[in-house]
Amino acid sequence: MSEIQLLGLKDFKNKNVDEQFYTNTIPKHLQNNHSRIEKAHKHNFYAVFLFTKGFGTHEIDFNKYEVKPGSVFFLYPGQTHSWELSDDIDGYLFFHSEEFYEINYVRNSIKDYPFFESNTTEKCVHLNLEQKEFIEKIFVSIYQESLQNQWKKKQLILSYLTQLYIHLNRYIETHSAINFTELRHYQSLFAKFEKLVDQYFSTIKSATQYADLLSITQKHLNRIVKSISGKTTTDIITDRVILEAKRQLLYTNNSLNEIATDLGFDDYTYFSKNFKKRVAMKPSDFRKLYKEEE
């Protein structure tokens with residue numbers, strides 16, 4: 001079976017802060033790690049990219065985004081991504097583990113930031129010129145500090161990361177239809193729900209069962225999910241199943257029946273019917289289409 005490559009921080013040349021953090025310019029990163037990242041892959045860490053020059057496309061979990069100056073992308077562990085970039089591409093990136101960020105803060109969590117908290121939030125924001133220039137300065141500060149060996153280097157980088165995350169979240173909330181301030185009290189439960197779905201999507205597909213696991217009523221769970229994502233509880237569960245189906249169809253050599261069974265379907269026909277309803281094509285056609293594009 002050929003599965004999609006999972007990269008860890010140890011896979012990158014890392015002399016920045018410690019084994020839980022990595023930063024670089026995008027051109028240097030592409031040059032140094034070409035063989036690892038030329039094909040679709042996923043990470044076991046958090047990743048943020050700022051593009052300052054050039055154009056292209058960036059595909060994250062089968063959603064395609066435009067790459068242009070001012071584009072910022074957020075990836076959390078387990079997401080699959082690939083890109084096609086112009087030769088003049090430029091910008092900055094950094095990767096870090098959850099522990100790198102959270103072990104130094106008592107009250108801060110990486111999942112305080114919606115772009116990392118949920119499968120349903122957008123993984124790209126396009127900054128205007130003023131925002132781009134401001135955010136780029138923080139990226140440059142992170143990169144330059146990583147090249148130094150001065151007192152409290154790690155602490156200073158962490159402070160830059162927090163500034164960056166706060167400002168980016170403010171930009172996103174300003175243009176979002178969702179009132180995040182009013183929904184803060186729902187976010188914790190929604191994050192727990194998504195974590196449970198990630199853990200049990202192949203065996204539990206009932207909204208009632210997830211509500212039971214959270215010790216709340218299904219009605220309350222539906223209210224939380226609708227408020228945060230605009231979707232139903234069943235939509236979130238089904239979307240996660242379909243995402244995994246896409247990953248296996250594209251990145252493994254498993255048969256269609258094996259994939260259906262692995263995702264908790266006793267009947268391939270029923271799996272195919274559900275997949276087609278969401279994707280507008282049969283699993284076999286989806287696999288064929290992506291293989292041809294590759």
# chains A, B, ... in the order shown; residues from 1 in each chain; ligands from 1
call {"tool": "select_by_dssp", "arguments": {"residues": "range 26-244 of chain A", "states": "strand (DSSP E or B)", "output": "PyMOL selection string"}}
result
chain A and resi 41-43+46-53+56-60+63-67+71-75+80-85+90-96+124-126
call {"tool": "write_last_selection", "arguments": {"atoms": "N, CA and C atoms", "output": "CSV table (one decimal), in the first residue's frame"}}
result
chain,number,residue,atom,x,y,z
A,41,HIS,N,1.7,15.9,0.5
A,41,HIS,CA,2.1,15.4,1.8
A,41,HIS,C,1.4,16.0,2.9
A,42,LYS,N,1.6,15.4,4.1
A,42,LYS,CA,1.0,16.0,5.3
A,42,LYS,C,2.0,16.1,6.4
A,43,HIS,N,1.7,16.9,7.5
A,43,HIS,CA,2.6,17.2,8.6
A,43,HIS,C,2.0,16.7,9.9
A,46,TYR,N,2.1,22.2,13.3
A,46,TYR,CA,1.3,23.4,12.8
A,46,TYR,C,2.3,24.1,11.8
A,47,ALA,N,1.7,24.7,10.7
A,47,ALA,CA,2.5,25.4,9.7
A,47,ALA,C,1.8,26.6,9.2
A,48,VAL,N,2.6,27.7,9.1
A,48,VAL,CA,2.0,29.0,8.6
A,48,VAL,C,2.9,29.5,7.4
A,49,PHE,N,2.3,29.9,6.3
A,49,PHE,CA,3.1,30.4,5.2
A,49,PHE,C,2.6,31.8,4.8
A,50,LEU,N,3.6,32.7,4.5
A,50,LEU,CA,3.2,34.0,3.9
A,50,LEU,C,3.9,34.1,2.6
A,51,PHE,N,3.2,34.4,1.5
A,51,PHE,CA,3.8,34.6,0.2
A,51,PHE,C,3.8,36.1,0.0
A,52,THR,N,5.0,36.6,-0.4
A,52,THR,CA,5.3,38.0,-0.6
A,52,THR,C,5.5,38.3,-2.1
A,53,LYS,N,5.7,37.3,-2.9
A,53,LYS,CA,6.0,37.5,-4.3
A,53,LYS,C,5.6,36.2,-5.1
A,56,GLY,N,0.5,31.2,-7.9
A,56,GLY,CA,0.3,29.8,-8.0
A,56,GLY,C,-1.0,29.4,-7.4
A,57,THR,N,-1.1,28.1,-7.1
A,57,THR,CA,-2.2,27.5,-6.4
A,57,THR,C,-1.7,26.6,-5.3
A,58,HIS,N,-2.5,26.6,-4.2
A,58,HIS,CA,-2.2,25.8,-3.0
A,58,HIS,C,-3.4,25.0,-2.7
A,59,GLU,N,-3.3,23.7,-2.7
A,59,GLU,CA,-4.4,22.8,-2.5
A,59,GLU,C,-4.3,22.2,-1.1
A,60,ILE,N,-5.3,22.4,-0.2
A,60,ILE,CA,-5.3,21.9,1.1
A,60,ILE,C,-6.6,21.0,1.3
A,63,ASN,N,-9.2,21.4,-1.3
A,63,ASN,CA,-9.7,22.8,-1.6
A,63,ASN,C,-8.6,23.6,-2.2
A,64,LYS,N,-8.8,24.2,-3.4
A,64,LYS,CA,-7.8,24.9,-4.0
A,64,LYS,C,-7.9,26.4,-3.7
A,65,TYR,N,-6.7,27.0,-3.4
A,65,TYR,CA,-6.7,28.4,-3.1
A,65,TYR,C,-5.6,29.1,-4.0
A,66,GLU,N,-5.9,30.4,-4.2
A,66,GLU,CA,-5.0,31.2,-5.1
A,66,GLU,C,-3.8,31.6,-4.2
A,67,VAL,N,-2.6,31.5,-4.8
A,67,VAL,CA,-1.4,32.0,-4.1
A,67,VAL,C,-1.0,33.3,-4.8
A,71,SER,N,-0.9,36.4,0.5
A,71,SER,CA,-1.6,35.2,0.9
A,71,SER,C,-0.9,34.5,2.1
A,72,VAL,N,-1.7,34.2,3.1
A,72,VAL,CA,-1.3,33.5,4.3
A,72,VAL,C,-2.1,32.2,4.4
A,73,PHE,N,-1.4,31.1,4.7
A,73,PHE,CA,-2.0,29.8,4.8
A,73,PHE,C,-1.7,29.2,6.2
A,74,PHE,N,-2.7,28.5,6.7
A,74,PHE,CA,-2.6,27.8,8.0
A,74,PHE,C,-2.9,26.4,7.8
A,75,LEU,N,-2.0,25.5,8.3
A,75,LEU,CA,-2.2,24.1,8.3
A,75,LEU,C,-2.0,23.5,9.7
A,80,THR,N,-3.6,17.4,4.4
A,80,THR,CA,-2.9,17.1,3.2
A,80,THR,C,-2.8,18.4,2.3
A,81,HIS,N,-1.6,18.6,1.8
A,81,HIS,CA,-1.5,19.8,0.9
A,81,HIS,C,-0.4,19.6,-0.2
A,82,SER,N,-0.6,20.4,-1.2
A,82,SER,CA,0.4,20.4,-2.3
A,82,SER,C,0.2,21.8,-3.0
A,83,TRP,N,1.2,22.1,-3.8
A,83,TRP,CA,1.1,23.4,-4.5
A,83,TRP,C,1.8,23.4,-5.8
A,84,GLU,N,1.4,24.4,-6.6
A,84,GLU,CA,2.1,24.7,-7.9
A,84,GLU,C,2.4,26.2,-7.9
A,85,LEU,N,3.7,26.5,-7.9
A,85,LEU,CA,4.2,27.9,-7.6
A,85,LEU,C,5.1,28.4,-8.8
A,90,ASP,N,8.3,33.9,-3.5
A,90,ASP,CA,9.1,34.3,-2.3
A,90,ASP,C,8.1,34.5,-1.1
A,91,GLY,N,8.7,34.5,0.1
A,91,GLY,CA,8.0,34.6,1.3
A,91,GLY,C,8.6,33.9,2.4
A,92,TYR,N,7.9,33.6,3.5
A,92,TYR,CA,8.4,33.1,4.7
A,92,TYR,C,7.5,32.0,5.2
A,93,LEU,N,8.0,31.1,6.0
A,93,LEU,CA,7.2,30.1,6.7
A,93,LEU,C,7.8,29.7,8.0
A,94,PHE,N,6.9,29.1,8.9
A,94,PHE,CA,7.4,28.5,10.1
A,94,PHE,C,6.6,27.3,10.5
A,95,PHE,N,7.2,26.4,11.1
A,95,PHE,CA,6.5,25.2,11.6
A,95,PHE,C,6.7,25.0,13.1
A,96,HIS,N,5.8,24.5,13.9
A,96,HIS,CA,6.0,24.2,15.3
A,96,HIS,C,5.1,23.2,15.8
A,124,CYS,N,-6.9,30.0,4.5
A,124,CYS,CA,-6.2,31.0,3.7
A,124,CYS,C,-6.8,32.4,4.0
A,125,VAL,N,-6.0,33.4,4.1
A,125,VAL,CA,-6.5,34.8,4.2
A,125,VAL,C,-5.6,35.6,3.2
A,126,HIS,N,-6.2,36.5,2.5
A,126,HIS,CA,-5.5,37.3,1.5
A,126,HIS,C,-5.4,38.7,2.2
call {"tool": "select_by_dssp", "arguments": {"residues": "range 99-291 of chain A", "states": "helix (DSSP H, G or I)", "output": "JSON, numbers by chain"}}
result
{"A": [99, 100, 101, 102, 110, 111, 112, 114, 115, 116, 117, 129, 130, 131, 132, 133, 134, 135, 136, 137, 138, 139, 140, 141, 142, 143, 144, 145, 146, 153, 154, 155, 156, 157, 158, 159, 160, 161, 162, 163, 164, 165, 166, 167, 168, 169, 170, 171, 172, 173, 174, 184, 185, 186, 187, 188, 189, 190, 191, 192, 193, 194, 195, 196, 197, 198, 199, 200, 207, 208, 209, 210, 211, 212, 213, 218, 219, 220, 221, 222, 223, 224, 225, 226, 227, 228, 229, 233, 234, 235, 236, 237, 238, 239, 240, 241, 242, 243, 244, 245, 246, 247, 248, 249, 250, 251, 256, 257, 258, 259, 260, 261, 262, 268, 269, 270, 271, 272, 273, 274, 275, 276, 277, 278, 279, 283, 284, 285, 286, 287, 288, 289, 290, 291]}
call {"tool": "atom_distance", "arguments": {"atom1": "CA of Ser206 in chain A", "atom2": "CA of Thr234 in chain A"}}
result
7.4 Å
call {"tool": "residues_around", "arguments": {"residues": "range 9-13 of chain A", "least_positions_apart": "4", "cutoff": "10 Å", "atoms": "only C-alpha atoms", "output": "MDAnalysis selection string"}}
result
chainID A and resid 18:24 29 32:33 36 43:46 95:97
call {"tool": "closest_residue", "arguments": {"among": "A:Leu289, A:Leu168, A:Leu214, A:Leu250", "to": "Leu127 in chain A", "atoms": "only C-alpha atoms"}}
result
A:Leu168
call {"tool": "closest_residue", "arguments": {"among": "A:Glu244, A:Leu129, A:Pro27, A:Thr121", "to": "Asp87 in chain A", "atoms": "only C-alpha atoms"}}
result
A:Pro27
call {"tool": "closest_residue", "arguments": {"among": "A:Leu189, A:Ala207, A:Ile142, A:Ile26", "to": "Thr162 in chain A", "atoms": "only C-alpha atoms"}}
result
A:Ile142
call {"tool": "atom_distance", "arguments": {"atom1": "CA of Lys153 in chain A", "atom2": "CA of Gln131 in chain A"}}
result
25.7 Å
call {"tool": "residues_around", "arguments": {"residues": "Lys111 in chain A", "least_positions_apart": "2", "cutoff": "10 Å", "atoms": "only C-alpha atoms", "output": "VMD selection string"}}
result
chain A and resid 76 98 102 108 to 109 113 to 118 187 to 188 191
